[in-house]
Each structure stands twice: as C-alpha cells, then as structure tokens.
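Each remark here refers to the structure printed beneath this line.
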Amino acid sequence: MGDRRRFPALLPLLASGGVLAFVGRAVLALPPAANGLAVEMRDGAKASGIKNVVTAVLLDFRGYDTLLEIAVLMLATVAVLSLREDPAALSRRIAGRAGPVLGALTRTLAPLMIIVAGHLVWVGSSEPGGAFQGGAVLGAAGILLVLSGYAQPAWAGQRIVRWVLTVGLLAFIGVALYPMFGGGSLLQYPAESRKSLILFIEILLTLSIGASILSLFLASASATAGGERP
Amino acid sequence: MSTYLVYTAGGVLLYALGTYGLLAKRHLIHKVISANFMGSGVFLILIGLGNRSPEGGPDPVPQAMVLTGIVVTVALTALGLAIVKRYYTATGLDNLDDEPSAGGDR
C-alpha cells in the first residue's frame, strides 16, 4: 500500500489521459459557430409569455426534465433522511453556542433572505432568477437559523416538513397531468393560464427546494454529529 | 482562438482531472469530490458550447440543462456524503479497499 502512493497510479492516469484526448477531440471537432436552439427558444419564449428564456426552457419547453429533476432531489432527500442516525445530536452540539454577534446578524439576515428568495421567484419569469435560485436562498436562510439556534434541527423529519418537501413535486405532477383530462398531452399547459400556472409551480417548488436543501444539510450533519464512534 | 474554447477546454480538463481522482484516490470523500469535478467539467463544456452563436446571445437550452444538472449534483453529493459517513460509523473505514473487521457492523 505504501508503494502504491509514491507514484501516480498508472491505470487511472492512462484512463484520464484517454478521456482528455477523446473529449477534447470531440469538442474541437465541433464547428466554431452554431446557433443551437437560441433563436427558436427566443421566439417560443415570446409566444409563451415568459420573458426569461431559461425559465421558459426549464418549466415549459423542457418541463419533463425539471419534473424528473425535482423527483430526483426529493428521492435523494428521503434517502439521506433515512440514513441519519441521531437527529438530536446536532441540537446538542449547537445548543448555547451562538454568540451575540451571530444572533444579531441572523436576526437581520434571515428576513432579508426570505424576501430575496421571494423576489428571485417573482422576477424569474422576466429576469434571471427562478425557483432553484430562490429555493437555494431559502434553504440557506434555514441553515443559518438552525446554526444560530433560532430553529430546531430536529424538525428535519417532522410531518409538516415532509409535506413541504413533497408539495412542489405533487403540484408539478398535478399541473402536468391536468391538461390530459381535457384531451391534451402531458405538460401541455393551456395557453391562457400558462404564465400563472408556471408561477404557481415555481412558488411551490421554491418551498420544496428550500426544505430539501435544509433537510439534506440537517440530516447529513446529524449523521455523525459530535464525531463519536460507536 | 475564440472565447468558448477557453471554457470548453477548461471543462474537458476538469473532467479528466475528476476521472483521475475518482479512479486513483482511495478516500471515499475524495471520490465524491472527484465526481463533483467531473460534473463541473460537464457543466463548463455545456455552457461553453452553448455560447457559439454568431447572432444574439447564448443558447438557453444548455443553460437550463446545467441548472438542472447542478441540482442533481447537489442531491448526488449529499447522498454520497451521507452514505460515506454512515459507512464510516458502521465500519470505521474511509475507503473500500480495506476489509471491514468482523463484528464491526452494529
């Protein structure tokens, strides 16, 4: 084992060199100018009423990807939650550790972060922003609240949090299936309510993504919190 | 030499580095980080290639795909780390090369 660490292992070196050559060659072989789908997407976004093209792609043109992505995120959260060992360990570790500076900072930052999250979702239809950005800020606000002792880490597995975790995916599935009752196909939003439906999904997705990020953090932090080994 | 090639070449390099780390490193957390490297490389390649349009801005489709990919990477990383930590508490090992001692599992 000692000998193996002295030199870079040959086989991985060869493999990564091969990957470098292969992918590099494939990338260089592409034409230097290509429009891709930029023009079509911009026209399509104009027609759909969502001015931010990336949001239009995410939730409209490629909504199926986003639906499955949320399912992946939720499944991973459920898996991580089921792997945690001692949910109370983190709160024992945090209890009484937050000083006055962190407390004051948190009292100022947390409400601001919640407002920023809401703003990001709201502008997501016309400017850069959207459910994922908003959800990330919301999740970070939750982590800050937990680490400074304002929120209980143990609530990661509670019933209400599980509902918040799933509500985004459930709403998305509901909205995706809804057109099928009228003879449409999956994710074919009705033209007149497209924008409000997308905003509705985005708001619920933000809550779910925020809860997911917070749960992922809390569950993995409580897995071996305290560092003690059995 | 155009700008998109800089990003794309950086992405290819990151991907190859991640491949090396994933295969050569023994520590499981190194492997998780290497998988993250590979993911970031793919994102850079996608973003770089999406910026080749001669007219009117970058292609939004790769951007949306990368946004999706980032979230999946976060999920992958969290799950990977949780499994690594659980494996460590169960066996006391941080790699898959050593055999867990009998009775080490609780």
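Each chain of the structure tokens is named A, B, ... in the order shown, its residues numbered from 1; ligands are numbered from 1 in display order.
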
Write out as JSON lines the residues of chain B that have any atom within 7 Å of an atom of chain A, one row each with the nearest atom pair and its distance in Å to one decimal, counting only C-alpha atoms, sorted by chain and then rising number.
```
{"residue": "B:Val12", "atom": "CA", "partner": "A:Gly24", "partner_atom": "CA", "distance": 6.2}
{"residue": "B:Leu13", "atom": "CA", "partner": "A:Leu20", "partner_atom": "CA", "distance": 6.6}
{"residue": "B:Ala16", "atom": "CA", "partner": "A:Ser16", "partner_atom": "CA", "distance": 4.8}
{"residue": "B:Leu17", "atom": "CA", "partner": "A:Ser16", "partner_atom": "CA", "distance": 6.8}
{"residue": "B:Thr19", "atom": "CA", "partner": "A:Ser16", "partner_atom": "CA", "distance": 5.4}
{"residue": "B:Tyr20", "atom": "CA", "partner": "A:Pro12", "partner_atom": "CA", "distance": 5.2}
{"residue": "B:Leu23", "atom": "CA", "partner": "A:Pro12", "partner_atom": "CA", "distance": 5.4}
{"residue": "B:Ala24", "atom": "CA", "partner": "A:Pro12", "partner_atom": "CA", "distance": 5.6}
{"residue": "B:Arg52", "atom": "CA", "partner": "A:Ala33", "partner_atom": "CA", "distance": 4.9}
{"residue": "B:Ser53", "atom": "CA", "partner": "A:Asn35", "partner_atom": "CA", "distance": 4.4}
{"residue": "B:Pro54", "atom": "CA", "partner": "A:Ala33", "partner_atom": "CA", "distance": 6.0}
{"residue": "B:Pro58", "atom": "CA", "partner": "A:Ala38", "partner_atom": "CA", "distance": 6.7}
{"residue": "B:Asp59", "atom": "CA", "partner": "A:Ala38", "partner_atom": "CA", "distance": 4.3}
{"residue": "B:Pro60", "atom": "CA", "partner": "A:Val54", "partner_atom": "CA", "distance": 5.4}
{"residue": "B:Val61", "atom": "CA", "partner": "A:Val57", "partner_atom": "CA", "distance": 6.4}
{"residue": "B:Gln63", "atom": "CA", "partner": "A:Val54", "partner_atom": "CA", "distance": 6.9}
{"residue": "B:Ala64", "atom": "CA", "partner": "A:Val54", "partner_atom": "CA", "distance": 5.6}
{"residue": "B:Thr68", "atom": "CA", "partner": "A:Glu69", "partner_atom": "CA", "distance": 6.5}
{"residue": "B:Val72", "atom": "CA", "partner": "A:Leu73", "partner_atom": "CA", "distance": 6.4}
{"residue": "B:Ala75", "atom": "CA", "partner": "A:Leu73", "partner_atom": "CA", "distance": 5.5}
{"residue": "B:Ala78", "atom": "CA", "partner": "A:Leu216", "partner_atom": "CA", "distance": 6.4}
{"residue": "B:Leu79", "atom": "CA", "partner": "A:Val80", "partner_atom": "CA", "distance": 5.6}
{"residue": "B:Ala82", "atom": "CA", "partner": "A:Ser220", "partner_atom": "CA", "distance": 5.4}
{"residue": "B:Lys85", "atom": "CA", "partner": "A:Thr224", "partner_atom": "CA", "distance": 6.8}
{"residue": "B:Arg86", "atom": "CA", "partner": "A:Ala223", "partner_atom": "CA", "distance": 6.9}
{"residue": "B:Thr89", "atom": "CA", "partner": "A:Arg229", "partner_atom": "CA", "distance": 6.0}
```

Could the residues in this selection be written to a file with N, CA and C atoms, as an mmCIF file, in the first residue's frame?
```cif
data_model
loop_
_atom_site.group_PDB
_atom_site.id
_atom_site.type_symbol
_atom_site.label_atom_id
_atom_site.label_comp_id
_atom_site.auth_asym_id
_atom_site.auth_seq_id
_atom_site.Cartn_x
_atom_site.Cartn_y
_atom_site.Cartn_z
ATOM 1 N N VAL B 12 -13.115 20.282 -20.188
ATOM 2 C CA VAL B 12 -12.533 18.976 -20.537
ATOM 3 C C VAL B 12 -11.436 18.612 -19.532
ATOM 4 N N LEU B 13 -10.618 19.624 -19.186
ATOM 5 C CA LEU B 13 -9.528 19.401 -18.235
ATOM 6 C C LEU B 13 -10.078 18.977 -16.865
ATOM 7 N N ALA B 16 -11.288 15.421 -16.990
ATOM 8 C CA ALA B 16 -10.206 14.433 -16.949
ATOM 9 C C ALA B 16 -9.611 14.337 -15.545
ATOM 10 N N LEU B 17 -9.430 15.495 -14.884
ATOM 11 C CA LEU B 17 -8.929 15.502 -13.503
ATOM 12 C C LEU B 17 -9.844 14.692 -12.600
ATOM 13 N N THR B 19 -11.847 12.304 -13.465
ATOM 14 C CA THR B 19 -11.720 10.879 -13.784
ATOM 15 C C THR B 19 -10.527 10.283 -13.043
ATOM 16 N N TYR B 20 -9.409 11.014 -13.083
ATOM 17 C CA TYR B 20 -8.214 10.517 -12.393
ATOM 18 C C TYR B 20 -8.489 10.356 -10.899
ATOM 19 N N LEU B 23 -10.667 7.418 -9.930
ATOM 20 C CA LEU B 23 -10.053 6.091 -10.039
ATOM 21 C C LEU B 23 -8.870 5.932 -9.090
ATOM 22 N N ALA B 24 -8.110 7.005 -8.864
ATOM 23 C CA ALA B 24 -6.835 6.846 -8.160
ATOM 24 C C ALA B 24 -6.946 7.053 -6.660
ATOM 25 N N ARG B 52 -21.679 29.643 -28.767
ATOM 26 C CA ARG B 52 -21.027 29.744 -30.069
ATOM 27 C C ARG B 52 -21.874 30.482 -31.074
ATOM 28 N N SER B 53 -23.024 30.983 -30.605
ATOM 29 C CA SER B 53 -23.956 31.580 -31.553
ATOM 30 C C SER B 53 -23.411 32.877 -32.134
ATOM 31 N N PRO B 54 -23.321 32.996 -33.451
ATOM 32 C CA PRO B 54 -22.815 34.232 -34.041
ATOM 33 C C PRO B 54 -23.802 35.384 -33.892
ATOM 34 N N PRO B 58 -26.297 33.734 -25.945
ATOM 35 C CA PRO B 58 -26.073 32.300 -25.737
ATOM 36 C C PRO B 58 -27.362 31.489 -25.863
ATOM 37 N N ASP B 59 -27.165 30.201 -26.115
ATOM 38 C CA ASP B 59 -28.274 29.266 -26.243
ATOM 39 C C ASP B 59 -28.835 28.934 -24.850
ATOM 40 N N PRO B 60 -30.120 29.183 -24.617
ATOM 41 C CA PRO B 60 -30.654 28.954 -23.272
ATOM 42 C C PRO B 60 -30.836 27.475 -22.918
ATOM 43 N N VAL B 61 -30.865 26.594 -23.907
ATOM 44 C CA VAL B 61 -31.148 25.190 -23.589
ATOM 45 C C VAL B 61 -30.030 24.556 -22.754
ATOM 46 N N GLN B 63 -28.032 26.116 -20.861
ATOM 47 C CA GLN B 63 -28.075 26.767 -19.550
ATOM 48 C C GLN B 63 -29.104 26.112 -18.651
ATOM 49 N N ALA B 64 -30.297 25.846 -19.211
ATOM 50 C CA ALA B 64 -31.330 25.203 -18.414
ATOM 51 C C ALA B 64 -30.897 23.792 -18.011
ATOM 52 N N THR B 68 -30.440 22.329 -14.217
ATOM 53 C CA THR B 68 -30.973 21.045 -13.772
ATOM 54 C C THR B 68 -29.859 20.177 -13.200
ATOM 55 N N VAL B 72 -29.164 18.250 -9.483
ATOM 56 C CA VAL B 72 -28.953 16.806 -9.372
ATOM 57 C C VAL B 72 -27.596 16.529 -8.719
ATOM 58 N N ALA B 75 -27.888 16.892 -5.045
ATOM 59 C CA ALA B 75 -28.526 15.703 -4.485
ATOM 60 C C ALA B 75 -27.544 14.543 -4.425
ATOM 61 N N ALA B 78 -24.902 15.156 -1.631
ATOM 62 C CA ALA B 78 -25.436 14.966 -0.284
ATOM 63 C C ALA B 78 -25.646 13.488 0.001
ATOM 64 N N LEU B 79 -26.191 12.768 -0.956
ATOM 65 C CA LEU B 79 -26.431 11.338 -0.758
ATOM 66 C C LEU B 79 -25.103 10.598 -0.603
ATOM 67 N N ALA B 82 -23.643 11.316 2.787
ATOM 68 C CA ALA B 82 -24.397 10.636 3.846
ATOM 69 C C ALA B 82 -24.020 9.155 3.895
ATOM 70 N N LYS B 85 -20.505 8.788 5.380
ATOM 71 C CA LYS B 85 -20.495 8.957 6.839
ATOM 72 C C LYS B 85 -21.078 7.736 7.528
ATOM 73 N N ARG B 86 -22.163 7.219 6.952
ATOM 74 C CA ARG B 86 -22.790 6.044 7.547
ATOM 75 C C ARG B 86 -21.849 4.847 7.494
ATOM 76 N N THR B 89 -19.258 5.311 10.240
ATOM 77 C CA THR B 89 -19.710 4.982 11.606
ATOM 78 C C THR B 89 -19.942 3.485 11.743
#
```

For the helix (DSSP H, G or I) assignment from backbone DSSP, which residues of chain B qualify? Please present them as a ChimeraX atom specification. /B:3-24,28-49,60-91

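Computed from the coordinates, the atom CA of A:Gly168 to atom CA of B:Val71 distance equals 14.6 Å.
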
Do you know which residues are at most 8 Å from stretch 175-192 of chain A counting only C-alpha atoms, after dropping those on the same chain fewer than 4 positions away, and could you put them as a ChimeraX atom specification? /A:48,60,63-64,171,197,201

As an exercise, work out the distance from atom CA of B:Arg26 to atom CA of B:Asp94 in Å and give it to one decimal place. 8.1 Å

Would you kindly return, as a PyMOL selection string, each protein, DNA or RNA residue with an atom no farther than 12 Å from any atom of stretch 109-123 of chain A, considering only C-alpha atoms and excluding same-chain residues fewer than 6 positions away? chain A and resi 50-52+55+101-103+129-148+150-151+195-196+198-207+209-210
